[in-house]
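*Asks:* Structure file work32.tsv, TSV, N, CA and C atoms, is pasted below:
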chain	number	residue	atom	x	y	z
A	9	MET	N	9.89	136.16	59.33
A	9	MET	CA	10.06	134.71	59.36
A	9	MET	C	10.78	134.33	60.65
A	10	ARG	N	10.31	133.30	61.29
A	10	ARG	CA	10.90	132.88	62.56
A	10	ARG	C	12.18	132.08	62.32
A	11	ASP	N	13.01	132.02	63.34
A	11	ASP	CA	14.24	131.23	63.26
A	11	ASP	C	13.91	129.74	63.33
A	12	ARG	N	14.74	128.96	62.66
A	12	ARG	CA	14.57	127.51	62.69
A	12	ARG	C	14.97	127.01	64.08
A	13	THR	N	14.20	126.07	64.62
A	13	THR	CA	14.46	125.55	65.96
A	13	THR	C	14.95	124.11	65.88
A	14	ASP	N	15.42	123.60	67.02
A	14	ASP	CA	15.80	122.18	67.09
A	14	ASP	C	14.60	121.29	66.78
A	15	ALA	N	13.41	121.71	67.20
A	15	ALA	CA	12.21	120.92	66.91
A	15	ALA	C	11.96	120.83	65.41
A	16	ASP	N	12.24	121.91	64.68
A	16	ASP	CA	12.09	121.86	63.22
A	16	ASP	C	12.98	120.78	62.63
A	17	ASP	N	14.22	120.70	63.09
A	17	ASP	CA	15.15	119.70	62.57
A	17	ASP	C	14.69	118.28	62.93
A	18	ILE	N	14.13	118.10	64.11
A	18	ILE	CA	13.66	116.78	64.53
A	18	ILE	C	12.50	116.33	63.65
A	19	VAL	N	11.53	117.20	63.44
A	19	VAL	CA	10.36	116.84	62.64
A	19	VAL	C	10.75	116.62	61.18
A	20	GLN	N	11.52	117.55	60.61
A	20	GLN	CA	11.93	117.39	59.21
A	20	GLN	C	12.82	116.16	59.05
A	21	GLY	N	13.69	115.90	60.03
A	21	GLY	CA	14.55	114.72	59.97
A	21	GLY	C	13.76	113.43	59.97
A	22	ALA	N	12.71	113.36	60.79
A	22	ALA	CA	11.87	112.16	60.82
A	22	ALA	C	11.19	111.96	59.47
A	23	TYR	N	10.68	113.05	58.91
A	23	TYR	CA	10.06	112.96	57.57
A	23	TYR	C	11.08	112.51	56.54
A	24	ASN	N	12.27	113.11	56.56
A	24	ASN	CA	13.29	112.76	55.57
A	24	ASN	C	13.71	111.30	55.66
A	25	ARG	N	13.85	110.77	56.88
A	25	ARG	CA	14.23	109.36	57.04
A	25	ARG	C	13.13	108.44	56.51
A	26	ALA	N	11.87	108.78	56.77
A	26	ALA	CA	10.75	107.96	56.26
A	26	ALA	C	10.69	108.04	54.73
A	27	LEU	N	10.85	109.24	54.19
A	27	LEU	CA	10.85	109.41	52.74
A	27	LEU	C	12.00	108.62	52.11
A	28	LEU	N	13.16	108.70	52.70
A	28	LEU	CA	14.32	107.98	52.17
A	28	LEU	C	14.08	106.47	52.15
A	29	ASP	N	13.44	105.94	53.20
A	29	ASP	CA	13.12	104.51	53.21
A	29	ASP	C	12.25	104.12	52.02
A	30	LEU	N	11.37	105.02	51.60
A	30	LEU	CA	10.48	104.74	50.47
A	30	LEU	C	11.18	104.86	49.11
A	31	ILE	N	12.01	105.88	48.96
A	31	ILE	CA	12.51	106.19	47.62
A	31	ILE	C	13.91	105.66	47.31
A	32	LEU	N	14.71	105.35	48.33
A	32	LEU	CA	16.09	104.94	48.04
A	32	LEU	C	16.19	103.65	47.22
A	33	PRO	N	15.46	102.58	47.53
A	33	PRO	CA	15.60	101.37	46.70
A	33	PRO	C	15.29	101.61	45.21
A	34	PRO	N	14.16	102.27	44.85
A	34	PRO	CA	13.95	102.50	43.41
A	34	PRO	C	14.96	103.48	42.81
A	35	MET	N	15.44	104.43	43.59
A	35	MET	CA	16.47	105.34	43.08
A	35	MET	C	17.75	104.57	42.75
A	36	ARG	N	18.13	103.66	43.63
A	36	ARG	CA	19.37	102.89	43.40
A	36	ARG	C	19.23	101.98	42.18
A	37	ARG	N	18.08	101.34	42.03
A	37	ARG	CA	17.86	100.48	40.85
A	37	ARG	C	17.93	101.31	39.57
A	38	THR	N	17.29	102.46	39.59
A	38	THR	CA	17.26	103.33	38.41
A	38	THR	C	18.66	103.83	38.08
A	39	ALA	N	19.39	104.28	39.09
A	39	ALA	CA	20.75	104.78	38.86
A	39	ALA	C	21.64	103.67	38.31
A	40	LYS	N	21.51	102.47	38.85
A	40	LYS	CA	22.31	101.35	38.38
A	40	LYS	C	22.07	101.07	36.90
A	41	ASP	N	20.81	101.22	36.45
A	41	ASP	CA	20.46	100.99	35.05
A	41	ASP	C	21.19	101.94	34.10
A	42	VAL	N	21.62	103.10	34.60
A	42	VAL	CA	22.31	104.07	33.74
A	42	VAL	C	23.76	104.29	34.19
A	43	GLY	N	24.31	103.32	34.97
A	43	GLY	CA	25.73	103.31	35.25
A	43	GLY	C	26.20	104.02	36.51
A	44	TYR	N	25.29	104.32	37.43
A	44	TYR	CA	25.66	105.03	38.65
A	44	TYR	C	25.35	104.22	39.90
A	45	ALA	N	26.09	104.51	40.96
A	45	ALA	CA	25.76	104.07	42.32
A	45	ALA	C	25.36	105.33	43.08
A	46	ILE	N	24.41	105.20	44.00
A	46	ILE	CA	23.95	106.34	44.78
A	46	ILE	C	24.19	106.07	46.26
A	47	THR	N	24.68	107.09	46.94
A	47	THR	CA	24.89	107.01	48.37
A	47	THR	C	24.27	108.23	49.04
A	48	VAL	N	24.04	108.12	50.32
A	48	VAL	CA	23.45	109.19	51.12
A	48	VAL	C	24.49	109.68	52.10
A	49	HIS	N	24.53	110.99	52.32
A	49	HIS	CA	25.42	111.52	53.35
A	49	HIS	C	24.72	112.68	54.04
A	50	GLY	N	25.22	113.03	55.20
A	50	GLY	CA	24.64	114.15	55.93
A	50	GLY	C	23.69	113.69	57.02
A	51	SER	N	23.15	114.66	57.74
A	51	SER	CA	22.34	114.39	58.93
A	51	SER	C	20.88	114.07	58.63
A	52	LEU	N	20.37	114.46	57.49
A	52	LEU	CA	18.96	114.34	57.10
A	52	LEU	C	18.05	115.29	57.87
A	53	ASN	N	18.60	116.18	58.67
A	53	ASN	CA	17.77	117.05	59.49
A	53	ASN	C	17.04	118.14	58.70
A	54	ARG	N	17.63	118.60	57.61
A	54	ARG	CA	17.00	119.65	56.83
A	54	ARG	C	16.62	119.17	55.43
A	55	ASP	N	17.48	118.35	54.84
A	55	ASP	CA	17.25	117.83	53.50
A	55	ASP	C	17.94	116.49	53.39
A	56	ILE	N	17.89	115.90	52.21
A	56	ILE	CA	18.54	114.61	51.97
A	56	ILE	C	19.66	114.86	50.97
A	57	ASP	N	20.89	114.72	51.42
A	57	ASP	CA	22.06	114.90	50.56
A	57	ASP	C	22.45	113.54	49.98
A	58	MET	N	22.59	113.51	48.65
A	58	MET	CA	22.92	112.26	47.96
A	58	MET	C	24.03	112.52	46.95
A	59	VAL	N	24.80	111.48	46.67
A	59	VAL	CA	25.86	111.56	45.67
A	59	VAL	C	25.69	110.40	44.70
A	60	ALA	N	25.72	110.72	43.41
A	60	ALA	CA	25.71	109.70	42.36
A	60	ALA	C	27.13	109.59	41.82
A	61	VAL	N	27.64	108.36	41.82
A	61	VAL	CA	29.01	108.10	41.40
A	61	VAL	C	28.99	107.20	40.17
A	62	PRO	N	29.67	107.60	39.08
A	62	PRO	CA	29.76	106.69	37.92
A	62	PRO	C	30.39	105.38	38.38
A	63	TRP	N	29.77	104.25	37.99
A	63	TRP	CA	30.17	102.99	38.58
A	63	TRP	C	30.58	101.94	37.56
A	64	VAL	N	30.39	102.22	36.30
A	64	VAL	CA	30.75	101.25	35.26
A	64	VAL	C	31.73	101.90	34.30
A	65	GLU	N	32.44	101.07	33.57
A	65	GLU	CA	33.45	101.59	32.65
A	65	GLU	C	32.85	102.26	31.43
A	66	HIS	N	31.76	101.70	30.91
A	66	HIS	CA	31.12	102.24	29.70
A	66	HIS	C	29.62	102.33	29.92
A	67	GLY	N	28.98	103.25	29.22
A	67	GLY	CA	27.53	103.34	29.25
A	67	GLY	C	26.96	104.18	30.37
A	68	VAL	N	27.75	105.09	30.92
A	68	VAL	CA	27.25	105.98	31.97
A	68	VAL	C	26.44	107.10	31.32
A	69	ALA	N	25.22	107.29	31.78
A	69	ALA	CA	24.36	108.35	31.24
A	69	ALA	C	24.89	109.72	31.69
A	70	ASP	N	24.51	110.76	30.95
A	70	ASP	CA	24.89	112.09	31.39
A	70	ASP	C	24.01	112.47	32.59
A	71	PRO	N	24.43	113.46	33.38
A	71	PRO	CA	23.69	113.83	34.58
A	71	PRO	C	22.23	114.20	34.32
A	72	ASP	N	21.93	114.86	33.20
A	72	ASP	CA	20.54	115.21	32.91
A	72	ASP	C	19.66	113.97	32.74
A	73	GLU	N	20.18	112.96	32.06
A	73	GLU	CA	19.43	111.72	31.88
A	73	GLU	C	19.24	111.01	33.22
A	74	LEU	N	20.29	110.99	34.04
A	74	LEU	CA	20.18	110.39	35.37
A	74	LEU	C	19.06	111.07	36.16
A	75	VAL	N	19.05	112.39	36.18
A	75	VAL	CA	18.03	113.12	36.94
A	75	VAL	C	16.65	112.86	36.37
A	76	ARG	N	16.51	112.86	35.06
A	76	ARG	CA	15.21	112.61	34.44
A	76	ARG	C	14.66	111.26	34.90
A	77	ARG	N	15.51	110.26	34.91
A	77	ARG	CA	15.06	108.93	35.33
A	77	ARG	C	14.78	108.86	36.83
A	78	LEU	N	15.61	109.53	37.63
A	78	LEU	CA	15.37	109.53	39.08
A	78	LEU	C	14.06	110.22	39.42
A	79	VAL	N	13.77	111.33	38.75
A	79	VAL	CA	12.49	112.02	38.97
A	79	VAL	C	11.33	111.06	38.67
A	80	GLY	N	11.45	110.28	37.61
A	80	GLY	CA	10.41	109.30	37.29
A	80	GLY	C	10.28	108.23	38.35
A	81	ALA	N	11.41	107.73	38.84
A	81	ALA	CA	11.38	106.68	39.87
A	81	ALA	C	10.77	107.21	41.17
A	82	ILE	N	11.15	108.40	41.55
A	82	ILE	CA	10.61	108.99	42.78
A	82	ILE	C	9.12	109.27	42.63
A	83	SER	N	8.73	109.83	41.49
A	83	SER	CA	7.32	110.13	41.25
A	83	SER	C	6.47	108.87	41.27
A	84	GLY	N	7.06	107.76	40.83
A	84	GLY	CA	6.34	106.49	40.85
A	84	GLY	C	6.00	106.03	42.26
A	85	VAL	N	6.76	106.49	43.24
A	85	VAL	CA	6.53	106.13	44.64
A	85	VAL	C	5.69	107.18	45.35
A	86	THR	N	6.03	108.45	45.17
A	86	THR	CA	5.40	109.52	45.96
A	86	THR	C	4.28	110.23	45.21
A	87	GLY	N	4.28	110.14	43.89
A	87	GLY	CA	3.27	110.82	43.10
A	87	GLY	C	3.75	112.11	42.47
A	88	ARG	N	4.74	112.76	43.10
A	88	ARG	CA	5.18	114.04	42.52
A	88	ARG	C	6.62	114.35	42.91
A	89	CYS	N	7.41	114.69	41.90
A	89	CYS	CA	8.79	115.10	42.09
A	89	CYS	C	9.19	115.94	40.89
A	90	TYR	N	9.96	116.97	41.13
A	90	TYR	CA	10.53	117.70	39.99
A	90	TYR	C	11.91	118.20	40.35
A	91	ALA	N	12.72	118.42	39.31
A	91	ALA	CA	14.08	118.91	39.49
A	91	ALA	C	14.13	120.39	39.15
A	92	ARG	N	14.83	121.14	39.96
A	92	ARG	CA	15.05	122.54	39.64
A	92	ARG	C	15.89	122.61	38.37
A	93	ASP	N	15.76	123.71	37.64
A	93	ASP	CA	16.34	123.81	36.30
A	93	ASP	C	17.86	123.79	36.25
A	94	GLU	N	18.52	124.54	37.08
A	94	GLU	CA	19.95	124.78	36.91
A	94	GLU	C	20.82	123.80	37.71
A	95	TRP	N	21.95	123.45	37.11
A	95	TRP	CA	22.99	122.71	37.81
A	95	TRP	C	23.89	123.72	38.50
A	96	THR	N	24.43	123.34	39.65
A	96	THR	CA	25.39	124.16	40.37
A	96	THR	C	26.73	123.43	40.33
A	97	GLU	N	27.78	124.13	39.97
A	97	GLU	CA	29.11	123.52	39.95
A	97	GLU	C	29.65	123.44	41.37
A	98	LYS	N	30.27	122.31	41.67
A	98	LYS	CA	30.82	122.03	43.00
A	98	LYS	C	32.29	121.63	42.86
A	99	PRO	N	33.02	121.53	43.98
A	99	PRO	CA	34.42	121.11	43.93
A	99	PRO	C	34.60	119.72	43.31
A	100	GLN	N	35.78	119.48	42.77
A	100	GLN	CA	36.19	118.20	42.18
A	100	GLN	C	35.37	117.83	40.95
A	101	GLY	N	34.78	118.82	40.30
A	101	GLY	CA	34.04	118.57	39.08
A	101	GLY	C	32.61	118.09	39.27
A	102	ARG	N	32.15	118.01	40.53
A	102	ARG	CA	30.76	117.61	40.77
A	102	ARG	C	29.82	118.68	40.25
A	103	VAL	N	28.62	118.25	39.91
A	103	VAL	CA	27.52	119.18	39.65
A	103	VAL	C	26.38	118.76	40.58
A	104	ALA	N	25.56	119.73	40.98
A	104	ALA	CA	24.49	119.44	41.93
A	104	ALA	C	23.18	120.05	41.45
A	105	LYS	N	22.11	119.37	41.81
A	105	LYS	CA	20.77	119.83	41.47
A	105	LYS	C	19.85	119.45	42.62
A	106	THR	N	18.86	120.29	42.87
A	106	THR	CA	17.87	120.01	43.91
A	106	THR	C	16.63	119.40	43.29
A	107	LEU	N	16.17	118.32	43.90
A	107	LEU	CA	14.91	117.68	43.52
A	107	LEU	C	13.91	117.93	44.63
A	108	MET	N	12.74	118.41	44.27
A	108	MET	CA	11.66	118.64	45.23
A	108	MET	C	10.73	117.43	45.17
A	109	VAL	N	10.38	116.90	46.35
A	109	VAL	CA	9.57	115.69	46.43
A	109	VAL	C	8.37	115.95	47.33
A	110	TRP	N	7.19	115.57	46.85
A	110	TRP	CA	5.98	115.65	47.66
A	110	TRP	C	5.50	114.24	47.94
A	111	CYS	N	5.14	114.01	49.18
A	111	CYS	CA	4.51	112.77	49.59
A	111	CYS	C	3.30	113.18	50.42
A	112	GLY	N	2.12	113.06	49.84
A	112	GLY	CA	0.94	113.62	50.48
A	112	GLY	C	1.07	115.14	50.49
A	113	GLU	N	0.90	115.73	51.65
A	113	GLU	CA	1.02	117.18	51.77
A	113	GLU	C	2.39	117.61	52.27
A	114	ASN	N	3.30	116.67	52.44
A	114	ASN	CA	4.64	116.98	52.94
A	114	ASN	C	5.62	117.14	51.80
A	115	THR	N	6.62	117.99	52.03
A	115	THR	CA	7.63	118.27	51.02
A	115	THR	C	9.02	117.94	51.55
A	116	GLY	N	9.83	117.37	50.69
A	116	GLY	CA	11.22	117.11	51.01
A	116	GLY	C	12.11	117.61	49.89
A	117	MET	N	13.36	117.91	50.23
A	117	MET	CA	14.33	118.34	49.23
A	117	MET	C	15.48	117.34	49.20
A	118	LEU	N	15.81	116.92	47.97
A	118	LEU	CA	16.98	116.07	47.75
A	118	LEU	C	18.04	116.93	47.09
A	119	ASP	N	19.19	117.00	47.69
A	119	ASP	CA	20.32	117.68	47.05
A	119	ASP	C	21.20	116.59	46.46
A	120	LEU	N	21.14	116.46	45.14
A	120	LEU	CA	21.87	115.40	44.44
A	120	LEU	C	23.12	115.97	43.80
A	121	SER	N	24.28	115.43	44.20
A	121	SER	CA	25.54	115.74	43.54
A	121	SER	C	25.89	114.58	42.62
A	122	VAL	N	26.40	114.90	41.44
A	122	VAL	CA	26.80	113.88	40.48
A	122	VAL	C	28.29	114.05	40.20
A	123	MET	N	29.03	113.00	40.46
A	123	MET	CA	30.48	113.02	40.19
A	123	MET	C	30.71	112.89	38.70
A	124	PRO	N	31.79	113.52	38.20
A	124	PRO	CA	32.06	113.44	36.77
A	124	PRO	C	32.62	112.08	36.38
A	125	THR	N	32.46	111.74	35.11
A	125	THR	CA	33.12	110.56	34.57
A	125	THR	C	34.54	110.94	34.18
A	126	ILE	N	35.40	109.96	34.15
A	126	ILE	CA	36.78	110.16	33.71
A	126	ILE	C	36.96	109.39	32.42
A	127	SER	N	37.41	110.09	31.38
A	127	SER	CA	37.59	109.41	30.11
A	127	SER	C	38.74	108.42	30.22
A	128	PRO	N	38.76	107.36	29.40
A	128	PRO	CA	39.85	106.37	29.46
A	128	PRO	C	41.23	107.02	29.32
A	129	LYS	N	41.36	108.05	28.48
A	129	LYS	CA	42.66	108.70	28.31
A	129	LYS	C	43.12	109.35	29.61
A	130	GLU	N	42.21	110.05	30.31
A	130	GLU	CA	42.55	110.66	31.59
A	130	GLU	C	42.95	109.60	32.58
A	131	ASN	N	42.27	108.45	32.55
A	131	ASN	CA	42.56	107.36	33.47
A	131	ASN	C	43.93	106.77	33.18
A	132	ASP	N	44.33	106.66	31.91
A	132	ASP	CA	45.62	106.10	31.54
A	132	ASP	C	46.78	106.98	31.99
A	133	ASP	N	46.55	108.31	32.07
A	133	ASP	CA	47.61	109.23	32.46
A	133	ASP	C	47.89	109.20	33.96
A	134	ALA	N	47.00	108.64	34.73
A	134	ALA	CA	47.14	108.65	36.20
A	134	ALA	C	48.23	107.70	36.66
Kindly transcribe the structure held in the file into structure tokens.

*Replies:*
Amino acid sequence: MRDRTDADDIVQGAYNRALLDLILPPMRRTAKDVGYAITVHGSLNRDIDMVAVPWVEHGVADPDELVRRLVGAISGVTGRCYARDEWTEKPQGRVAKTLMVWCGENTGMLDLSVMPTISPKENDDA
């Protein structure tokens, strides 16, 4: 396998930015419906890094439900998306999952981190 070049990052980055323009609005609407806000971070050169943050006091869906709905929203735009099976634990209680997205013959990867909810009792102790 050859080493990744700067040209690889430029081409993948252009694809990722175009893909993000297509899928971010429906992803944000979908996340809002289940109590989350979504933001993007990172360079977009290799993949699309996103964070879902619980945004309402009550009615926040669990991460699996959020991902299920996001996969549906993305598939509605691109035609095909699926989430890898396992969650990965991250610092500060985050969990992360990779979503694979196809748009035509091109593939993109979304690395979605989901921040944990804080129960009212934990919030009162702060």

*Asks:* Quick one: residues within 12 Å of Gly87 (chain A), only C-alpha atoms, excluding same-chain residues fewer than 4 positions away - as a list in words?

*Replies:*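 That gives Leu30, Ile31, Val79, Gly80, Ala81, Ile82, Ser83, Met108, Val109, Trp110, Cys111, Gly112, Glu113, Asn114 and Thr115 of chain A.
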
*Asks:* So what do you get for atom C of Thr106 (chain A) versus atom N of Leu120 (chain A), distance-wise?

*Replies:*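 Result for atom C of Thr106 (chain A) versus atom N of Leu120 (chain A): 5.7 Å, one decimal.
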
*Asks:* Smallest atom-to-atom distance to Leu74 (chain A): which of A:Asp93, A:Asp55, A:Asp119, A:Asp41, using only C-alpha atoms?

*Replies:*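 Ranking A:Asp93, A:Asp55, A:Asp119, A:Asp41 by distance to Leu74 (chain A), first place goes to A:Asp41.
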
*Asks:* As an exercise, work out the distance from CA of Leu107 (chain A) to atom C of Arg25 (chain A) in Å and give it to one decimal place.

*Replies:*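 Atom-to-atom, CA of Leu107 (chain A) to atom C of Arg25 (chain A), that is 16.0 Å.
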
*Asks:* Calculate how many Å separate atom C of Leu52 (chain A) from atom N of Lys105 (chain A), rounding to one decimal.

*Replies:*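 The value is 17.1 Å.
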
*Asks:* Excluding Val61 (chain A) and any residue of its chain fewer than 4 positions from it, enumerate the residues within 7 Å of it, using all atoms listed in the file, and give them as a ChimeraX atom specification.

*Replies:* /A:43-47,121-124

*Asks:* Enumerate the residues of region 51-129 of chain A with a DSSP assignment of strand (DSSP E), computed from the backbone, and present them as a PyMOL selection string.

*Replies:* chain A and resi 56-62+87-91+96-97+103-111+114-122

*Asks:* Enumerate as JSON, numbers by chain all residues of region 12-129 of chain A assigned to alpha helix (DSSP H) by DSSP on the backbone, naming them with the chain letters and numbers the document uses.

*Replies:* {"A": [14, 15, 16, 17, 18, 19, 20, 21, 22, 23, 24, 25, 26, 27, 28, 29, 30, 31, 32, 33, 34, 35, 36, 37, 38, 39, 40, 41, 71, 72, 73, 74, 75, 76, 77, 78, 79, 80, 81, 82, 83, 84, 85, 86, 128, 129]}

*Asks:* For the residues in the current selection, export N, CA and C atoms as a tab-separated table (two decimals), in the coordinates of the input.

*Replies:*
chain	number	residue	atom	x	y	z
A	14	ASP	N	15.42	123.60	67.02
A	14	ASP	CA	15.80	122.18	67.09
A	14	ASP	C	14.60	121.29	66.78
A	15	ALA	N	13.41	121.71	67.20
A	15	ALA	CA	12.21	120.92	66.91
A	15	ALA	C	11.96	120.83	65.41
A	16	ASP	N	12.24	121.91	64.68
A	16	ASP	CA	12.09	121.86	63.22
A	16	ASP	C	12.98	120.78	62.63
A	17	ASP	N	14.22	120.70	63.09
A	17	ASP	CA	15.15	119.70	62.57
A	17	ASP	C	14.69	118.28	62.93
A	18	ILE	N	14.13	118.10	64.11
A	18	ILE	CA	13.66	116.78	64.53
A	18	ILE	C	12.50	116.33	63.65
A	19	VAL	N	11.53	117.20	63.44
A	19	VAL	CA	10.36	116.84	62.64
A	19	VAL	C	10.75	116.62	61.18
A	20	GLN	N	11.52	117.55	60.61
A	20	GLN	CA	11.93	117.39	59.21
A	20	GLN	C	12.82	116.16	59.05
A	21	GLY	N	13.69	115.90	60.03
A	21	GLY	CA	14.55	114.72	59.97
A	21	GLY	C	13.76	113.43	59.97
A	22	ALA	N	12.71	113.36	60.79
A	22	ALA	CA	11.87	112.16	60.82
A	22	ALA	C	11.19	111.96	59.47
A	23	TYR	N	10.68	113.05	58.91
A	23	TYR	CA	10.06	112.96	57.57
A	23	TYR	C	11.08	112.51	56.54
A	24	ASN	N	12.27	113.11	56.56
A	24	ASN	CA	13.29	112.76	55.57
A	24	ASN	C	13.71	111.30	55.66
A	25	ARG	N	13.85	110.77	56.88
A	25	ARG	CA	14.23	109.36	57.04
A	25	ARG	C	13.13	108.44	56.51
A	26	ALA	N	11.87	108.78	56.77
A	26	ALA	CA	10.75	107.96	56.26
A	26	ALA	C	10.69	108.04	54.73
A	27	LEU	N	10.85	109.24	54.19
A	27	LEU	CA	10.85	109.41	52.74
A	27	LEU	C	12.00	108.62	52.11
A	28	LEU	N	13.16	108.70	52.70
A	28	LEU	CA	14.32	107.98	52.17
A	28	LEU	C	14.08	106.47	52.15
A	29	ASP	N	13.44	105.94	53.20
A	29	ASP	CA	13.12	104.51	53.21
A	29	ASP	C	12.25	104.12	52.02
A	30	LEU	N	11.37	105.02	51.60
A	30	LEU	CA	10.48	104.74	50.47
A	30	LEU	C	11.18	104.86	49.11
A	31	ILE	N	12.01	105.88	48.96
A	31	ILE	CA	12.51	106.19	47.62
A	31	ILE	C	13.91	105.66	47.31
A	32	LEU	N	14.71	105.35	48.33
A	32	LEU	CA	16.09	104.94	48.04
A	32	LEU	C	16.19	103.65	47.22
A	33	PRO	N	15.46	102.58	47.53
A	33	PRO	CA	15.60	101.37	46.70
A	33	PRO	C	15.29	101.61	45.21
A	34	PRO	N	14.16	102.27	44.85
A	34	PRO	CA	13.95	102.50	43.41
A	34	PRO	C	14.96	103.48	42.81
A	35	MET	N	15.44	104.43	43.59
A	35	MET	CA	16.47	105.34	43.08
A	35	MET	C	17.75	104.57	42.75
A	36	ARG	N	18.13	103.66	43.63
A	36	ARG	CA	19.37	102.89	43.40
A	36	ARG	C	19.23	101.98	42.18
A	37	ARG	N	18.08	101.34	42.03
A	37	ARG	CA	17.86	100.48	40.85
A	37	ARG	C	17.93	101.31	39.57
A	38	THR	N	17.29	102.46	39.59
A	38	THR	CA	17.26	103.33	38.41
A	38	THR	C	18.66	103.83	38.08
A	39	ALA	N	19.39	104.28	39.09
A	39	ALA	CA	20.75	104.78	38.86
A	39	ALA	C	21.64	103.67	38.31
A	40	LYS	N	21.51	102.47	38.85
A	40	LYS	CA	22.31	101.35	38.38
A	40	LYS	C	22.07	101.07	36.90
A	41	ASP	N	20.81	101.22	36.45
A	41	ASP	CA	20.46	100.99	35.05
A	41	ASP	C	21.19	101.94	34.10
A	71	PRO	N	24.43	113.46	33.38
A	71	PRO	CA	23.69	113.83	34.58
A	71	PRO	C	22.23	114.20	34.32
A	72	ASP	N	21.93	114.86	33.20
A	72	ASP	CA	20.54	115.21	32.91
A	72	ASP	C	19.66	113.97	32.74
A	73	GLU	N	20.18	112.96	32.06
A	73	GLU	CA	19.43	111.72	31.88
A	73	GLU	C	19.24	111.01	33.22
A	74	LEU	N	20.29	110.99	34.04
A	74	LEU	CA	20.18	110.39	35.37
A	74	LEU	C	19.06	111.07	36.16
A	75	VAL	N	19.05	112.39	36.18
A	75	VAL	CA	18.03	113.12	36.94
A	75	VAL	C	16.65	112.86	36.37
A	76	ARG	N	16.51	112.86	35.06
A	76	ARG	CA	15.21	112.61	34.44
A	76	ARG	C	14.66	111.26	34.90
A	77	ARG	N	15.51	110.26	34.91
A	77	ARG	CA	15.06	108.93	35.33
A	77	ARG	C	14.78	108.86	36.83
A	78	LEU	N	15.61	109.53	37.63
A	78	LEU	CA	15.37	109.53	39.08
A	78	LEU	C	14.06	110.22	39.42
A	79	VAL	N	13.77	111.33	38.75
A	79	VAL	CA	12.49	112.02	38.97
A	79	VAL	C	11.33	111.06	38.67
A	80	GLY	N	11.45	110.28	37.61
A	80	GLY	CA	10.41	109.30	37.29
A	80	GLY	C	10.28	108.23	38.35
A	81	ALA	N	11.41	107.73	38.84
A	81	ALA	CA	11.38	106.68	39.87
A	81	ALA	C	10.77	107.21	41.17
A	82	ILE	N	11.15	108.40	41.55
A	82	ILE	CA	10.61	108.99	42.78
A	82	ILE	C	9.12	109.27	42.63
A	83	SER	N	8.73	109.83	41.49
A	83	SER	CA	7.32	110.13	41.25
A	83	SER	C	6.47	108.87	41.27
A	84	GLY	N	7.06	107.76	40.83
A	84	GLY	CA	6.34	106.49	40.85
A	84	GLY	C	6.00	106.03	42.26
A	85	VAL	N	6.76	106.49	43.24
A	85	VAL	CA	6.53	106.13	44.64
A	85	VAL	C	5.69	107.18	45.35
A	86	THR	N	6.03	108.45	45.17
A	86	THR	CA	5.40	109.52	45.96
A	86	THR	C	4.28	110.23	45.21
A	128	PRO	N	38.76	107.36	29.40
A	128	PRO	CA	39.85	106.37	29.46
A	128	PRO	C	41.23	107.02	29.32
A	129	LYS	N	41.36	108.05	28.48
A	129	LYS	CA	42.66	108.70	28.31
A	129	LYS	C	43.12	109.35	29.61

*Asks:* Which of these, A:Arg77, A:Asp16, A:Ala104, A:Ala91, has the shortest distance to Met58 (chain A) once you count only C-alpha atoms?

*Replies:*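 Of all the options, A:Ala104 lies closest to Met58 (chain A).
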
*Asks:* Calculated over all atoms listed in the file, which of the candidates A:Ala15, A:Ala26, A:Ile56, A:Val68 has the smallest distance to Val42 (chain A)?

*Replies:* A:Val68
